[in-house]
Every structure is written in C-alpha cells, then in structure tokens.
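Chemist: structure_2.cif is reproduced in full below (mmCIF, C-alpha atoms).
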```cif
data_query
loop_
_atom_site.group_PDB
_atom_site.id
_atom_site.type_symbol
_atom_site.label_atom_id
_atom_site.label_comp_id
_atom_site.auth_asym_id
_atom_site.auth_seq_id
_atom_site.Cartn_x
_atom_site.Cartn_y
_atom_site.Cartn_z
ATOM 1 C CA MET A 20 12.106 2.576 -57.398
ATOM 2 C CA ASN A 21 12.609 -0.788 -55.688
ATOM 3 C CA LYS A 22 15.674 0.573 -53.911
ATOM 4 C CA LEU A 23 13.612 3.556 -52.710
ATOM 5 C CA LYS A 24 10.835 1.288 -51.392
ATOM 6 C CA THR A 25 13.394 -0.886 -49.649
ATOM 7 C CA SER A 26 15.040 2.148 -48.060
ATOM 8 C CA LEU A 27 11.708 3.533 -46.898
ATOM 9 C CA PHE A 28 10.690 0.164 -45.466
ATOM 10 C CA ALA A 29 13.980 -0.117 -43.600
ATOM 11 C CA LEU A 30 13.525 3.405 -42.236
ATOM 12 C CA VAL A 31 10.017 2.615 -40.973
ATOM 13 C CA ILE A 32 11.280 -0.534 -39.236
ATOM 14 C CA LEU A 33 14.111 1.433 -37.649
ATOM 15 C CA LEU A 34 11.754 4.136 -36.396
ATOM 16 C CA LEU A 35 9.373 1.578 -34.944
ATOM 17 C CA ALA A 36 12.192 -0.235 -33.208
ATOM 18 C CA THR A 37 13.585 3.016 -31.840
ATOM 19 C CA SER A 38 10.168 4.091 -30.602
ATOM 20 C CA THR A 39 9.566 0.749 -28.900
ATOM 21 C CA PHE A 40 12.978 0.819 -27.272
ATOM 22 C CA ALA A 41 12.423 4.385 -26.064
ATOM 23 C CA GLN A 42 9.173 3.376 -24.394
ATOM 24 C CA THR A 43 10.662 0.469 -22.466
ATOM 25 C CA LYS A 44 12.259 0.936 -19.094
ATOM 26 C CA ARG A 45 13.713 -1.100 -16.295
ATOM 27 C CA VAL A 46 11.977 -1.218 -12.945
ATOM 28 C CA THR A 47 13.590 -2.472 -9.768
ATOM 29 C CA GLY A 48 12.129 -3.036 -6.347
ATOM 30 C CA LYS A 49 11.537 -5.334 -3.428
ATOM 31 C CA VAL A 50 8.661 -7.587 -2.387
ATOM 32 C CA PHE A 51 7.994 -8.133 1.310
ATOM 33 C CA ALA A 52 5.351 -9.245 3.812
ATOM 34 C CA PHE A 53 4.440 -8.308 7.382
ATOM 35 C CA LYS A 54 6.778 -5.446 8.371
ATOM 36 C CA ASP A 55 9.835 -6.047 6.183
ATOM 37 C CA THR A 56 10.118 -9.829 5.675
ATOM 38 C CA PRO A 57 11.503 -10.449 2.146
ATOM 39 C CA ILE A 58 9.586 -12.899 -0.054
ATOM 40 C CA ALA A 59 11.553 -15.051 -2.496
ATOM 41 C CA ASN A 60 10.341 -16.700 -5.735
ATOM 42 C CA ILE A 61 7.413 -14.323 -6.214
ATOM 43 C CA GLU A 62 6.439 -14.298 -9.887
ATOM 44 C CA ILE A 63 6.241 -10.828 -11.429
ATOM 45 C CA ILE A 64 4.552 -10.463 -14.804
ATOM 46 C CA SER A 65 4.482 -7.378 -17.011
ATOM 47 C CA LYS A 66 1.012 -7.034 -18.542
ATOM 48 C CA LYS A 67 2.257 -5.374 -21.735
ATOM 49 C CA SER A 68 5.746 -6.698 -22.364
ATOM 50 C CA LYS A 69 4.776 -10.128 -20.975
ATOM 51 C CA GLN A 70 8.204 -10.458 -19.421
ATOM 52 C CA THR A 71 8.277 -12.587 -16.277
ATOM 53 C CA VAL A 72 10.847 -12.554 -13.483
ATOM 54 C CA THR A 73 11.010 -13.862 -9.923
ATOM 55 C CA THR A 74 12.285 -12.256 -6.744
ATOM 56 C CA ASP A 75 15.582 -13.379 -5.261
ATOM 57 C CA GLU A 76 16.058 -14.609 -1.673
ATOM 58 C CA MET A 77 16.054 -11.002 -0.434
ATOM 59 C CA GLY A 78 12.824 -10.181 -2.295
ATOM 60 C CA ASN A 79 14.566 -8.010 -4.880
ATOM 61 C CA PHE A 80 13.598 -7.919 -8.557
ATOM 62 C CA SER A 81 14.432 -6.151 -11.808
ATOM 63 C CA ILE A 82 12.226 -6.241 -14.899
ATOM 64 C CA GLU A 83 12.021 -4.585 -18.318
ATOM 65 C CA ILE A 84 8.570 -3.173 -19.054
ATOM 66 C CA ASN A 85 6.735 -0.958 -21.512
ATOM 67 C CA ALA A 86 5.515 2.556 -20.858
ATOM 68 C CA LYS A 87 2.294 2.849 -18.807
ATOM 69 C CA ASP A 88 2.583 -0.797 -17.875
ATOM 70 C CA LYS A 89 1.297 -2.725 -14.861
ATOM 71 C CA LEU A 90 3.022 -5.455 -12.929
ATOM 72 C CA VAL A 91 1.267 -8.483 -11.458
ATOM 73 C CA PHE A 92 2.773 -10.078 -8.338
ATOM 74 C CA GLU A 93 1.761 -13.662 -7.555
ATOM 75 C CA GLY A 94 2.893 -16.197 -4.981
ATOM 76 C CA ASN A 95 1.368 -19.275 -3.366
ATOM 77 C CA GLY A 96 -0.059 -18.390 0.024
ATOM 78 C CA PHE A 97 -0.226 -14.672 -0.753
ATOM 79 C CA ARG A 98 -2.889 -12.423 -2.224
ATOM 80 C CA LYS A 99 -2.174 -11.258 -5.757
ATOM 81 C CA GLU A 100 -1.095 -7.644 -6.114
ATOM 82 C CA VAL A 101 -1.218 -5.385 -9.194
ATOM 83 C CA ARG A 102 0.820 -2.197 -9.353
ATOM 84 C CA LYS A 103 1.026 0.654 -11.849
ATOM 85 C CA VAL A 104 4.557 1.570 -12.786
ATOM 86 C CA VAL A 105 5.847 5.040 -11.987
ATOM 87 C CA GLU A 106 8.955 5.966 -13.951
ATOM 88 C CA GLY A 107 12.026 6.533 -11.823
ATOM 89 C CA GLN A 108 10.402 5.184 -8.671
ATOM 90 C CA LYS A 109 11.737 2.139 -6.842
ATOM 91 C CA LEU A 110 8.777 -0.181 -6.446
ATOM 92 C CA ASP A 111 8.488 -1.737 -2.998
ATOM 93 C CA VAL A 112 5.491 -4.057 -2.855
ATOM 94 C CA LYS A 113 3.869 -5.425 0.271
ATOM 95 C CA MET A 114 1.935 -8.681 -0.121
ATOM 96 C CA LEU A 115 -0.759 -9.928 2.212
ATOM 97 C CA PHE A 116 -0.037 -13.368 3.659
ATOM 98 C CA LEU A 117 -3.174 -15.535 3.652
ATOM 99 C CA GLU A 118 -3.244 -16.965 7.144
ATOM 100 C CA GLY A 119 -3.934 -20.617 7.889
ATOM 101 C CA GLU A 120 -1.898 -23.791 8.338
ATOM 102 C CA ASP A 121 -2.346 -24.855 4.710
ATOM 103 C CA ASN A 122 -1.084 -21.519 3.408
ATOM 104 C CA GLU A 123 1.887 -21.698 5.743
ATOM 105 C CA LYS A 124 2.878 -25.057 4.244
ATOM 106 C CA ILE A 125 2.277 -23.778 0.710
ATOM 107 C CA ALA A 126 4.312 -20.593 1.207
ATOM 108 C CA ILE A 127 7.213 -22.511 2.741
ATOM 109 C CA GLY A 128 7.017 -25.305 0.183
ATOM 110 C CA SER A 129 7.096 -22.799 -2.676
ATOM 111 C CA GLY A 130 10.254 -21.235 -1.286
ATOM 112 C CA HIS A 131 8.639 -17.873 -0.563
ATOM 113 C CA LEU A 132 9.439 -17.974 3.151
ATOM 114 C CA THR A 133 11.460 -20.194 5.444
ATOM 115 C CA GLU A 134 9.968 -21.748 8.546
ATOM 116 C CA GLU A 135 12.166 -19.484 10.643
ATOM 117 C CA SER A 136 11.228 -16.243 8.860
ATOM 118 C CA LEU A 137 7.508 -17.051 8.947
ATOM 119 C CA PHE A 138 7.584 -18.006 12.630
ATOM 120 C CA TYR A 139 9.527 -14.850 13.519
ATOM 121 C CA SER A 140 7.204 -12.600 11.488
ATOM 122 C CA LYS A 141 4.053 -14.110 12.981
ATOM 123 C CA SER A 142 5.476 -13.845 16.488
ATOM 124 C CA ASN A 143 6.637 -10.238 16.196
ATOM 125 C CA PHE A 144 4.845 -8.526 13.312
ATOM 126 C CA LEU A 145 1.474 -10.235 12.868
ATOM 127 C CA GLU A 146 -0.358 -6.903 13.185
ATOM 128 C CA TYR A 147 1.485 -5.718 10.059
ATOM 129 C CA ASN A 148 -0.201 -8.431 7.988
ATOM 130 C CA ASN A 149 -3.051 -6.211 6.816
ATOM 131 C CA ASP A 150 -4.423 -4.914 3.520
ATOM 132 C CA TYR A 151 -4.337 -1.213 4.400
ATOM 133 C CA HIS A 152 -1.796 -0.598 1.624
ATOM 134 C CA THR A 153 -4.459 -1.400 -0.985
ATOM 135 C CA TYR A 154 -6.444 1.761 -0.153
ATOM 136 C CA PRO A 155 -5.571 5.036 -1.936
ATOM 137 C CA ASP A 156 -5.761 7.234 1.177
ATOM 138 C CA ILE A 157 -6.535 7.205 4.888
ATOM 139 C CA PHE A 158 -10.115 8.407 4.432
ATOM 140 C CA THR A 159 -11.005 5.671 1.941
ATOM 141 C CA LEU A 160 -9.426 3.184 4.340
ATOM 142 C CA LEU A 161 -11.607 4.358 7.219
ATOM 143 C CA GLN A 162 -14.771 4.173 5.136
ATOM 144 C CA GLY A 163 -13.808 0.744 3.794
ATOM 145 C CA LYS A 164 -13.094 -0.753 7.212
ATOM 146 C CA PHE A 165 -15.834 1.031 9.129
ATOM 147 C CA PRO A 166 -18.975 1.422 6.959
ATOM 148 C CA GLY A 167 -20.669 3.744 9.469
ATOM 149 C CA VAL A 168 -17.896 6.319 9.253
ATOM 150 C CA LYS A 169 -18.574 9.352 7.058
ATOM 151 C CA VAL A 170 -16.061 11.675 5.429
ATOM 152 C CA TYR A 171 -17.020 15.243 4.546
ATOM 153 C CA THR A 172 -15.049 17.698 2.423
ATOM 154 C CA GLU A 173 -15.300 21.354 3.341
ATOM 155 C CA LEU A 174 -13.133 24.098 1.834
ATOM 156 C CA GLY A 175 -10.793 21.472 0.437
ATOM 157 C CA GLN A 176 -10.296 19.811 3.841
ATOM 158 C CA LYS A 177 -11.632 16.375 4.754
ATOM 159 C CA ARG A 178 -12.957 15.507 8.171
ATOM 160 C CA VAL A 179 -14.155 12.247 9.702
ATOM 161 C CA VAL A 180 -17.507 11.916 11.439
ATOM 162 C CA ILE A 181 -18.267 8.829 13.529
ATOM 163 C CA ARG A 182 -21.373 10.031 15.337
ATOM 164 C CA ASP A 183 -23.326 12.087 12.835
ATOM 165 C CA ILE A 184 -25.490 13.837 15.405
ATOM 166 C CA GLY A 185 -25.046 17.139 17.219
ATOM 167 C CA TYR A 186 -24.593 16.441 20.909
ATOM 168 C CA LEU A 187 -23.701 20.048 21.522
ATOM 169 C CA SER A 188 -25.620 22.706 19.618
ATOM 170 C CA GLY A 189 -23.402 24.616 17.251
ATOM 171 C CA LYS A 190 -20.368 22.441 17.969
ATOM 172 C CA ASP A 191 -18.276 20.605 15.414
ATOM 173 C CA ASN A 192 -19.016 16.865 15.181
ATOM 174 C CA THR A 193 -15.592 15.908 13.791
ATOM 175 C CA ALA A 194 -14.012 12.885 15.454
ATOM 176 C CA LEU A 195 -10.869 13.205 17.557
ATOM 177 C CA TYR A 196 -7.735 11.814 15.892
ATOM 178 C CA MET A 197 -5.275 9.899 18.071
ATOM 179 C CA VAL A 198 -2.102 8.831 16.235
ATOM 180 C CA ASP A 199 0.489 6.862 18.189
ATOM 181 C CA GLY A 200 -1.020 8.143 21.415
ATOM 182 C CA GLN A 201 -0.983 11.812 20.415
ATOM 183 C CA ILE A 202 -3.785 14.107 19.288
ATOM 184 C CA TRP A 203 -3.538 15.080 15.619
ATOM 185 C CA GLN A 204 -5.400 17.833 13.864
ATOM 186 C CA ASP A 205 -4.903 16.508 10.319
ATOM 187 C CA ILE A 206 -4.495 12.846 9.310
ATOM 188 C CA SER A 207 -4.438 13.430 5.553
ATOM 189 C CA VAL A 208 -0.624 13.235 5.636
ATOM 190 C CA LEU A 209 -0.791 9.574 6.672
ATOM 191 C CA ALA A 210 -0.288 7.000 3.923
ATOM 192 C CA PRO A 211 -2.243 3.735 4.375
ATOM 193 C CA GLU A 212 0.933 1.645 4.013
ATOM 194 C CA GLU A 213 2.345 3.402 7.095
ATOM 195 C CA ILE A 214 -0.492 2.188 9.309
ATOM 196 C CA VAL A 215 -0.201 -0.878 11.529
ATOM 197 C CA SER A 216 -3.636 -0.730 13.111
ATOM 198 C CA VAL A 217 -6.702 1.490 12.972
ATOM 199 C CA ASN A 218 -9.907 1.513 14.972
ATOM 200 C CA VAL A 219 -12.776 3.817 15.866
ATOM 201 C CA MET A 220 -14.440 4.486 19.217
ATOM 202 C CA LYS A 221 -18.026 5.684 19.012
ATOM 203 C CA ASP A 222 -18.028 6.624 22.667
ATOM 204 C CA GLY A 223 -14.829 8.498 23.442
ATOM 205 C CA ALA A 224 -15.968 9.635 26.892
ATOM 206 C CA PRO A 225 -13.120 7.771 28.658
ATOM 207 C CA LEU A 226 -10.690 10.044 26.784
ATOM 208 C CA GLY A 227 -12.356 13.222 27.944
ATOM 209 C CA PHE A 228 -14.776 15.890 26.760
ATOM 210 C CA ARG A 229 -12.951 16.476 23.440
ATOM 211 C CA ALA A 230 -13.649 12.877 22.411
ATOM 212 C CA VAL A 231 -17.434 13.173 22.734
ATOM 213 C CA ASN A 232 -17.828 12.812 18.936
ATOM 214 C CA GLY A 233 -15.838 9.584 18.846
ATOM 215 C CA VAL A 234 -12.173 8.813 18.292
ATOM 216 C CA VAL A 235 -10.097 7.506 15.382
ATOM 217 C CA LEU A 236 -7.248 5.458 16.889
ATOM 218 C CA ILE A 237 -4.237 4.887 14.634
ATOM 219 C CA THR A 238 -0.920 3.170 15.239
ATOM 220 C CA THR A 239 1.788 3.710 12.621
ATOM 221 C CA MET A 240 5.146 2.216 11.706
ATOM 222 C CA VAL A 241 6.933 5.448 12.583
ATOM 223 C CA GLU A 242 9.657 5.020 15.213
ATOM 224 C CA ALA A 243 9.100 6.538 18.629
ATOM 225 C CA GLY A 244 9.985 10.202 18.760
ATOM 226 C CA LYS A 245 9.402 10.858 15.064
ATOM 227 C CA THR A 246 6.473 12.891 13.787
ATOM 228 C CA ARG A 247 5.366 14.307 10.493
ATOM 229 C CA PRO A 248 5.074 18.052 9.850
ATOM 230 C CA ASN A 249 1.616 19.583 10.272
ATOM 231 C CA GLY A 250 0.206 16.417 11.768
ATOM 232 C CA LEU A 251 0.218 17.186 15.463
ATOM 233 C CA GLU A 252 -2.354 19.518 16.876
ATOM 234 C CA ASN A 253 -1.041 22.905 17.935
#
```
Could you write out this structure as structure tokens?
Modeler:
Amino acid sequence: MNKLKTSLFALVILLLATSTFAQTKRVTGKVFAFKDTPIANIEIISKKSKQTVTTDEMGNFSIEINAKDKLVFEGNGFRKEVRKVVEGQKLDVKMLFLEGEDNEKIAIGSGHLTEESLFYSKSNFLEYNNDYHTYPDIFTLLQGKFPGVKVYTELGQKRVVIRDIGYLSGKDNTALYMVDGQIWQDISVLAPEEIVSVNVMKDGAPLGFRAVNGVVLITTMVEAGKTRPNGLEN
C-alpha cells in the first residue's frame, strides 16, 4: 500500500511538473525609443513567473514566462510599459522617453542611452517620442487626444466627426482624412504605433470644399511611395 501511495504521489508530481513546463514559453523581442533607438539595461519582469531580465546594448531580450503572462518594462527616465504576451509573436516594445534635463542625465547614467544616441534621436526623431502606441486603435487615439472628436459606428464602419453640425442639408458630416498628404477613405487600417503625428482641423476651408466638415491630419512612419491596401480613396 505504501509503495502504491508513493507511486501515485510521484505520478502527480510528474504530471504537475509536465503541465507547468508545457505552459511556459520563451519570448524574445526588442525595446526601443523614438523611431528605432535601442534601449539597454531596461528591466523586464514577468508578472507570473517572476523572472527578471535586462535588455542588451541593442535593446534585445529573451525571457521565460508562463502562459497568459504579462511583462513589465521599466527604466529610469522612461514611462513604464506593460504588455500582454502573444505566443509566437516577437515582442517589440516602444518606450516613451520622459523629456527634461534631469531625465536625460538619469537615462544616460543608468546606461539606457548614450549621450550620442540621445542627442541624435532628439535632433532627428523627436516627433516619434509620443504615446500613440498605448491606444488600441486609431479611433480611440483620436478621441483620447481630441476630446471634442466623436466616432460613430454605422453598418460596422466607423467614421470621425469633428464638427457635429450639418452645414449642408442632407450631406455627410464625416471629416476628411489626410494621411501623408493624400486623401484616404478609410483610416481603420492604421495602427497607432505607425503614427508619427496626428492633428485635427475644425475649419478645413483652406483645403477646399470637401474639407468643410474638418480634417484629420496624420503623418505615418511609412516610407515615401508606400501605401496600404484599401486606404487611399478611389
């Protein structure tokens, strides 16, 4: 009987260990700021497994985590980021640099950035230092940054309204979308992390009659000459 109990106990332990091992996985990725400036010595903590690692000089990391885990990214001079883990996906994490002379000294002193990399990034990519990536979609971003903007959903399609009044009877009051200098019909394909700058014009008269309901102005990280399918207006 004792041998049977011992065998059963050993089997339970083995099953638990196997189950735990099966639920763990390795996640790799890169941590950066501004456009693509790597951040070194960022501390990454797994909420469930409690494992902690730091990024290397190129911002790369690799960590063992549990299933349905979250990772916390922390660094002096940067805003803390929390990310859900998606199995099989390389996790690239952008961190917002907290501007100011004190934070510059702290970030450099902590080994996150060098003086040269910080100076270069501020000189060339300062507009990329935004928190747009923290919003789930472009419409939530617009409402978060511009409280007066409204988003309506009709027949499964979302549209942005800046001036919620009918200047022309029977006409649509949807704002005009300008992405990288071109008119777009649908901006739902834009991911917030792709956006460098966004603004709204209540009075779009300078852009012509079609802009009477206001204009959403967006600049993205996409290289000149590249577009996304179904984004441009026909």
Chemist: Rounded to one decimal in Å, what is the spacing between CA of Ile206 (chain A) and CA of Glu146 (chain A)?
Modeler: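 Calculated distance between CA of Ile206 (chain A) and CA of Glu146 (chain A) is 20.5 Å.
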Chemist: Please evaluate the PyMOL selection byres ((chain A and resi 82) around 10) against the structure above and give the resulting residues as a list in words.
Modeler: Lys44, Arg45, Val46, Thr47, Gly48, Ile63, Ile64, Ser65, Ser68, Gln70, Thr71, Val72, Thr73, Phe80, Ser81, Glu83, Ile84 and Leu90 of chain A
Chemist: How would you write as a list in words the residues that get within 10 Å of (-14.7, 5.8, 10.9) in the file's frame, counting all atoms listed in the file?
Modeler: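 Protein and nucleic acid residues near the point are Phe158, Thr159, Leu160, Leu161, Gln162, Gly163, Lys164, Phe165, Pro166, Gly167, Val168, Lys169, Val170, Val179, Val180, Ile181, Arg182, Ala194, Val217, Asn218, Val219, Met220, Lys221, Gly233, Val234, Val235 and Leu236 of chain A.
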Chemist: CA of Gly78 (chain A) and CA of Ala59 (chain A), how far apart in Å?
Modeler: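 Separation of CA of Ala59 (chain A) and CA of Gly78 (chain A): 5.0 Å.
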Chemist: Report as a list in words the residues that result from applying the PyMOL selection byres ((chain A and resi 99-113) around 6) to the structure here.
Modeler: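 Taken on the displayed file, the PyMOL selection byres ((chain A and resi 99-113) around 6) yields the residues Thr47, Gly48, Lys49, Val50, Phe51, Ala52, Asp88, Lys89, Leu90, Val91, Phe92, Glu93, Arg98 and Met114 of chain A.
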Chemist: In Å, how far is it from CA of Thr74 (chain A) to CA of Asn60 (chain A)?
Modeler: 5.0 Å
Chemist: Quick one: everything within 9 Å of region 121-133 of chain A, counting only C-alpha atoms, minus sequence neighbours fewer than 5 positions away in the same chain. Send it as a list in words.
Modeler: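 In the requested format, the answer is Thr56, Pro57, Ile58, Ala59, Asn60, Ile61, Glu76, Gly78, Gly94, Asn95, Gly96, Phe97, Phe116 and Phe138 of chain A.
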Chemist: Name the residues captured by the PyMOL selection byres ((chain A and resi 53) around 6) when it is applied to the shown file; answer as a list in words.
Modeler: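 That expression, the PyMOL selection byres ((chain A and resi 53) around 6), corresponds here to Ala52, Lys54, Asp55, Phe144, Tyr147 and Asn148 of chain A.
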Chemist: Please produce a file of the residues just selected, as a CSV table (one decimal), in the coordinates of the input, where the atoms kept are C-alpha atoms.
Modeler:
```
chain,number,residue,atom,x,y,z
A,52,ALA,CA,5.4,-9.2,3.8
A,54,LYS,CA,6.8,-5.4,8.4
A,55,ASP,CA,9.8,-6.0,6.2
A,144,PHE,CA,4.8,-8.5,13.3
A,147,TYR,CA,1.5,-5.7,10.1
A,148,ASN,CA,-0.2,-8.4,8.0
```
Chemist: When you count only C-alpha atoms, which of these residues is closest to His152 (chain A): A:Gly119, A:Gly175, A:Gly200, A:Pro211?
Modeler: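 Of all the options, A:Pro211 lies closest to His152 (chain A).
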Chemist: Skipping near chain neighbours, those fewer than 5 positions away, what residues fall within 9 Å of Gly223 (chain A) using all atoms listed in the file, listed as a ChimeraX atom specification?
Modeler: /A:195,228-234
Chemist: Using only C-alpha atoms, find the one residue out of A:Glu134, A:Asp75, A:Glu213, A:Asp222 that sits nearest to Asp150 (chain A).
Modeler: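 Looking only at the distances to Asp150 (chain A), the closest residue turns out to be A:Glu213.
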Chemist: Kindly provide, as JSON, the centre and edge lengths (Å, one decimal) of an axis-aligned box around all atoms of region 55-65 of chain A given in the file, with 3 Å on each side.
Modeler:
```
{"center_x": 8.0, "center_y": -11.4, "center_z": -5.4, "size_x": 13.1, "size_y": 16.7, "size_z": 29.2}
```
